[in-house]
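Novice: Pasting input34.cif below, which is mmCIF, C-alpha atoms.
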data_run
loop_
_atom_site.group_PDB
_atom_site.id
_atom_site.type_symbol
_atom_site.label_atom_id
_atom_site.label_comp_id
_atom_site.auth_asym_id
_atom_site.auth_seq_id
_atom_site.Cartn_x
_atom_site.Cartn_y
_atom_site.Cartn_z
ATOM 1 C CA MET Q 16 26.070 -36.642 -91.330
ATOM 2 C CA ASN Q 17 27.452 -35.022 -94.437
ATOM 3 C CA VAL Q 18 31.186 -35.731 -94.711
ATOM 4 C CA LEU Q 19 31.969 -32.332 -96.228
ATOM 5 C CA LYS Q 20 30.405 -30.569 -93.247
ATOM 6 C CA ALA Q 21 32.322 -32.796 -90.819
ATOM 7 C CA ARG Q 22 35.702 -31.834 -92.276
ATOM 8 C CA ASN Q 23 37.741 -29.801 -89.836
ATOM 9 C CA VAL Q 24 41.269 -30.056 -91.297
ATOM 10 C CA GLY Q 25 42.260 -27.295 -93.706
ATOM 11 C CA ARG Q 26 44.546 -27.577 -96.725
ATOM 12 C CA LEU Q 27 47.709 -26.235 -95.023
ATOM 13 C CA ASP Q 28 47.057 -28.443 -91.994
ATOM 14 C CA GLN Q 29 46.593 -31.412 -94.348
ATOM 15 C CA ILE Q 30 49.870 -30.764 -96.181
ATOM 16 C CA LEU Q 31 51.811 -30.427 -92.925
ATOM 17 C CA ARG Q 32 50.241 -33.601 -91.533
ATOM 18 C CA ILE Q 33 51.143 -35.572 -94.665
ATOM 19 C CA GLY Q 34 54.770 -34.422 -94.482
ATOM 20 C CA ILE Q 35 55.081 -35.213 -90.789
ATOM 21 C CA SER Q 36 53.363 -38.566 -91.294
ATOM 22 C CA ILE Q 37 55.765 -39.586 -94.034
ATOM 23 C CA GLY Q 38 58.681 -38.764 -91.744
ATOM 24 C CA LEU Q 39 57.229 -40.710 -88.821
ATOM 25 C CA ILE Q 40 56.406 -43.716 -91.001
ATOM 26 C CA TYR Q 41 59.952 -43.667 -92.392
ATOM 27 C CA ILE Q 42 61.462 -43.529 -88.895
ATOM 28 C CA GLY Q 43 59.046 -46.087 -87.480
ATOM 29 C CA PHE Q 44 58.968 -48.748 -90.161
ATOM 30 C CA ILE Q 45 61.784 -48.217 -92.670
ATOM 31 C CA ASP Q 46 64.871 -46.877 -90.850
ATOM 32 C CA ARG Q 47 64.467 -48.108 -87.276
ATOM 33 C CA ASN Q 48 68.122 -47.366 -86.472
ATOM 34 C CA LEU Q 49 67.330 -43.657 -86.108
ATOM 35 C CA VAL Q 50 65.453 -44.310 -82.858
ATOM 36 C CA GLY Q 51 67.371 -47.277 -81.465
ATOM 37 C CA ASP Q 52 64.436 -48.800 -79.572
ATOM 38 C CA SER Q 53 62.185 -51.124 -81.561
ATOM 39 C CA PHE Q 54 59.070 -50.405 -79.476
ATOM 40 C CA SER Q 55 59.484 -46.619 -79.748
ATOM 41 C CA ALA Q 56 60.055 -46.896 -83.484
ATOM 42 C CA THR Q 57 56.849 -48.907 -83.845
ATOM 43 C CA VAL Q 58 54.889 -46.354 -81.807
ATOM 44 C CA LEU Q 59 56.187 -43.543 -84.019
ATOM 45 C CA GLY Q 60 55.222 -45.504 -87.126
ATOM 46 C CA VAL Q 61 51.704 -46.136 -85.831
ATOM 47 C CA VAL Q 62 51.273 -42.465 -84.915
ATOM 48 C CA GLY Q 63 52.438 -41.599 -88.428
ATOM 49 C CA VAL Q 64 49.865 -43.929 -90.012
ATOM 50 C CA MET Q 65 47.066 -42.536 -87.824
ATOM 51 C CA ASN Q 66 48.076 -38.966 -88.654
ATOM 52 C CA LEU Q 67 48.178 -39.824 -92.358
ATOM 53 C CA MET Q 68 44.626 -41.199 -92.152
ATOM 54 C CA VAL Q 69 43.453 -37.968 -90.496
ATOM 55 C CA ALA Q 70 45.170 -35.943 -93.222
ATOM 56 C CA LEU Q 71 43.633 -37.951 -96.052
ATOM 57 C CA LEU Q 72 40.123 -37.944 -94.568
ATOM 58 C CA ARG Q 73 40.468 -34.320 -93.376
ATOM 59 C CA ILE Q 74 38.522 -35.196 -90.219
ATOM 60 C CA CYS Q 75 40.340 -34.986 -86.875
ATOM 61 C CA PRO Q 76 38.451 -36.454 -83.895
ATOM 62 C CA LEU Q 77 40.604 -34.496 -81.439
ATOM 63 C CA TYR Q 78 39.802 -31.241 -83.249
ATOM 64 C CA SER Q 79 36.105 -32.126 -83.016
ATOM 65 C CA MET Q 80 36.325 -32.689 -79.261
ATOM 66 C CA VAL Q 81 37.977 -29.334 -78.558
ATOM 67 C CA GLY Q 82 36.129 -27.339 -81.226
ATOM 68 C CA ILE Q 83 39.043 -26.547 -83.555
ATOM 69 C CA ASP Q 84 38.314 -26.097 -87.253
ATOM 70 C CA THR Q 85 41.134 -25.180 -89.664
ATOM 71 C CA CYS Q 86 38.966 -25.835 -92.732
ATOM 72 C CA HIS Q 87 37.754 -22.536 -94.189
ATOM 73 C CA THR Q 88 33.994 -22.389 -94.648
ATOM 74 C CA SER Q 89 34.315 -20.864 -98.141
ATOM 75 C CA HIS Q 90 35.868 -24.129 -99.401
ATOM 76 C CA ARG Q 91 32.979 -26.255 -98.165
ATOM 77 C CA GLU Q 92 30.004 -27.106 -100.297
#
Represent the supplied structure as structure tokens.
Specialist:
Amino acid sequence: MNVLKARNVGRLDQILRIGISIGLIYIGFIDRNLVGDSFSATVLGVVGVMNLMVALLRICPLYSMVGIDTCHTSHRE
């Protein structure tokens, strides 16, 4: 499978995901006092890392399952 054809996360979606991921990673792993519960903070941090990986790879498995594609076809090669 060609990776460029498998991409389903567009540029705006990618930028938003990176911003949200940085916030979740900060809350989950750096400033745990914002949440108060250690387990919840860890879960938020892990979700942030997973979301960051999706943003960097630009491939979202959940989008693939439901048929969503925010990547414009004109940007694909």
Novice: For Ser79 (chain Q), work out the shell of residues within 10 Å, counting all atoms listed in the file and skipping chain neighbours fewer than 3 positions away, then give it as an mmCIF file with C-alpha atoms, keeping the file's coordinate frame.
Specialist:
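Listing of result_12.cif after writing:
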data_model
loop_
_atom_site.group_PDB
_atom_site.id
_atom_site.type_symbol
_atom_site.label_atom_id
_atom_site.label_comp_id
_atom_site.auth_asym_id
_atom_site.auth_seq_id
_atom_site.Cartn_x
_atom_site.Cartn_y
_atom_site.Cartn_z
ATOM 1 C CA ALA Q 21 32.322 -32.796 -90.819
ATOM 2 C CA ARG Q 22 35.702 -31.834 -92.276
ATOM 3 C CA ASN Q 23 37.741 -29.801 -89.836
ATOM 4 C CA VAL Q 24 41.269 -30.056 -91.297
ATOM 5 C CA ILE Q 74 38.522 -35.196 -90.219
ATOM 6 C CA CYS Q 75 40.340 -34.986 -86.875
ATOM 7 C CA PRO Q 76 38.451 -36.454 -83.895
ATOM 8 C CA GLY Q 82 36.129 -27.339 -81.226
ATOM 9 C CA ILE Q 83 39.043 -26.547 -83.555
ATOM 10 C CA ASP Q 84 38.314 -26.097 -87.253
#
Novice: Carefully work through the PyMOL selection byres ((chain Q and resi 33) around 9) for this structure and note down the residues it includes, as a PyMOL selection string.
Specialist: chain Q and resi 28-32+34-38+63+66-68+70-71
Novice: Separation of CA of Val62 (chain Q) and CA of Thr85 (chain Q), in Å?
Specialist: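 For CA of Val62 (chain Q) relative to CA of Thr85 (chain Q), the distance reads 20.6 Å.
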Novice: Need the shell around Arg47 (chain Q): protein/DNA/RNA residues with any atom at most 12 Å away, counting only C-alpha atoms. Skip same-chain ones fewer than 5 positions apart. Format as a list of chain:residue names?
Specialist: Q:Gly38, Q:Leu39, Q:Ile40, Q:Tyr41, Q:Ile42, Q:Asp52, Q:Ser53, Q:Phe54, Q:Ser55, Q:Ala56, Q:Thr57, Q:Val58, Q:Leu59, Q:Gly60
Novice: For CA of Leu77 (chain Q) and CA of Ile45 (chain Q), quote the distance in Å rounded to one decimal.
Specialist: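 Separation between CA of Leu77 (chain Q) and CA of Ile45 (chain Q): 27.6 Å.
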Novice: In Å, with one decimal, what is the gap from CA of Val50 (chain Q) to CA of Tyr78 (chain Q)?
Specialist: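 For CA of Val50 (chain Q) relative to CA of Tyr78 (chain Q), the distance reads 28.8 Å.
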Novice: I'd like the box whose edges run along x, y and z of the file and which contains every listed atom of region 47-57 of chain Q, padded by 8 Å per side; could you state its centre and edge lengths in Å, one decimal, as AutoDock Vina command-line options?
Specialist:
--center_x 62.5 --center_y -47.4 --center_z -83.4 --size_x 27.3 --size_y 23.5 --size_z 23.8
Novice: Pick the closest to Val69 (chain Q) from Q:Leu49, Q:Val81, Q:Gly25, Q:His87: which is it, counting only C-alpha atoms?
Specialist: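 Smallest separation from Val69 (chain Q) among the options: Q:Gly25.
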Novice: With N, CA and C atoms as the target, complete region 35-55 of chain Q and hand it back as a PDB file, in the frame of the given file.
Specialist:
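New file rebuild_5.pdb:
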ATOM      1  N   ILE Q  35      54.670 -34.664 -92.085  1.00  0.00           N
ATOM      2  CA  ILE Q  35      55.081 -35.213 -90.789  1.00  0.00           C
ATOM      3  C   ILE Q  35      54.828 -36.714 -90.747  1.00  0.00           C
ATOM      4  N   SER Q  36      53.703 -37.140 -91.292  1.00  0.00           N
ATOM      5  CA  SER Q  36      53.363 -38.566 -91.294  1.00  0.00           C
ATOM      6  C   SER Q  36      54.374 -39.381 -92.078  1.00  0.00           C
ATOM      7  N   ILE Q  37      54.776 -38.869 -93.229  1.00  0.00           N
ATOM      8  CA  ILE Q  37      55.765 -39.586 -94.034  1.00  0.00           C
ATOM      9  C   ILE Q  37      57.071 -39.741 -93.252  1.00  0.00           C
ATOM     10  N   GLY Q  38      57.475 -38.686 -92.568  1.00  0.00           N
ATOM     11  CA  GLY Q  38      58.681 -38.764 -91.744  1.00  0.00           C
ATOM     12  C   GLY Q  38      58.561 -39.775 -90.613  1.00  0.00           C
ATOM     13  N   LEU Q  39      57.430 -39.768 -89.924  1.00  0.00           N
ATOM     14  CA  LEU Q  39      57.229 -40.710 -88.821  1.00  0.00           C
ATOM     15  C   LEU Q  39      57.152 -42.153 -89.312  1.00  0.00           C
ATOM     16  N   ILE Q  40      56.494 -42.365 -90.440  1.00  0.00           N
ATOM     17  CA  ILE Q  40      56.406 -43.716 -91.001  1.00  0.00           C
ATOM     18  C   ILE Q  40      57.797 -44.194 -91.430  1.00  0.00           C
ATOM     19  N   TYR Q  41      58.591 -43.314 -92.000  1.00  0.00           N
ATOM     20  CA  TYR Q  41      59.952 -43.667 -92.392  1.00  0.00           C
ATOM     21  C   TYR Q  41      60.773 -44.066 -91.166  1.00  0.00           C
ATOM     22  N   ILE Q  42      60.707 -43.240 -90.119  1.00  0.00           N
ATOM     23  CA  ILE Q  42      61.462 -43.529 -88.895  1.00  0.00           C
ATOM     24  C   ILE Q  42      60.947 -44.800 -88.218  1.00  0.00           C
ATOM     25  N   GLY Q  43      59.630 -44.972 -88.216  1.00  0.00           N
ATOM     26  CA  GLY Q  43      59.046 -46.087 -87.480  1.00  0.00           C
ATOM     27  C   GLY Q  43      59.139 -47.427 -88.159  1.00  0.00           C
ATOM     28  N   PHE Q  44      59.040 -47.457 -89.483  1.00  0.00           N
ATOM     29  CA  PHE Q  44      58.968 -48.748 -90.161  1.00  0.00           C
ATOM     30  C   PHE Q  44      60.100 -49.020 -91.139  1.00  0.00           C
ATOM     31  N   ILE Q  45      60.765 -47.996 -91.636  1.00  0.00           N
ATOM     32  CA  ILE Q  45      61.784 -48.217 -92.670  1.00  0.00           C
ATOM     33  C   ILE Q  45      63.196 -48.144 -92.090  1.00  0.00           C
ATOM     34  N   ASP Q  46      63.525 -47.045 -91.411  1.00  0.00           N
ATOM     35  CA  ASP Q  46      64.871 -46.877 -90.850  1.00  0.00           C
ATOM     36  C   ASP Q  46      64.779 -46.839 -89.328  1.00  0.00           C
ATOM     37  N   ARG Q  47      64.644 -48.004 -88.731  1.00  0.00           N
ATOM     38  CA  ARG Q  47      64.467 -48.108 -87.276  1.00  0.00           C
ATOM     39  C   ARG Q  47      65.736 -47.753 -86.501  1.00  0.00           C
ATOM     40  N   ASN Q  48      66.867 -47.680 -87.161  1.00  0.00           N
ATOM     41  CA  ASN Q  48      68.122 -47.366 -86.472  1.00  0.00           C
ATOM     42  C   ASN Q  48      68.177 -45.923 -86.000  1.00  0.00           C
ATOM     43  N   LEU Q  49      67.335 -45.060 -86.535  1.00  0.00           N
ATOM     44  CA  LEU Q  49      67.330 -43.657 -86.108  1.00  0.00           C
ATOM     45  C   LEU Q  49      66.850 -43.501 -84.673  1.00  0.00           C
ATOM     46  N   VAL Q  50      65.987 -44.394 -84.218  1.00  0.00           N
ATOM     47  CA  VAL Q  50      65.453 -44.310 -82.858  1.00  0.00           C
ATOM     48  C   VAL Q  50      66.246 -45.194 -81.909  1.00  0.00           C
ATOM     49  N   GLY Q  51      66.587 -46.385 -82.310  1.00  0.00           N
ATOM     50  CA  GLY Q  51      67.371 -47.277 -81.465  1.00  0.00           C
ATOM     51  C   GLY Q  51      66.533 -48.284 -80.704  1.00  0.00           C
ATOM     52  N   ASP Q  52      65.330 -47.916 -80.307  1.00  0.00           N
ATOM     53  CA  ASP Q  52      64.436 -48.800 -79.572  1.00  0.00           C
ATOM     54  C   ASP Q  52      63.326 -49.265 -80.505  1.00  0.00           C
ATOM     55  N   SER Q  53      63.150 -50.563 -80.626  1.00  0.00           N
ATOM     56  CA  SER Q  53      62.185 -51.124 -81.561  1.00  0.00           C
ATOM     57  C   SER Q  53      60.750 -50.727 -81.203  1.00  0.00           C
ATOM     58  N   PHE Q  54      60.430 -50.760 -79.905  1.00  0.00           N
ATOM     59  CA  PHE Q  54      59.070 -50.405 -79.476  1.00  0.00           C
ATOM     60  C   PHE Q  54      58.761 -48.939 -79.784  1.00  0.00           C
ATOM     61  N   SER Q  55      59.683 -48.048 -79.477  1.00  0.00           N
ATOM     62  CA  SER Q  55      59.484 -46.619 -79.748  1.00  0.00           C
ATOM     63  C   SER Q  55      59.355 -46.349 -81.236  1.00  0.00           C
TER      64      SER Q  55
END
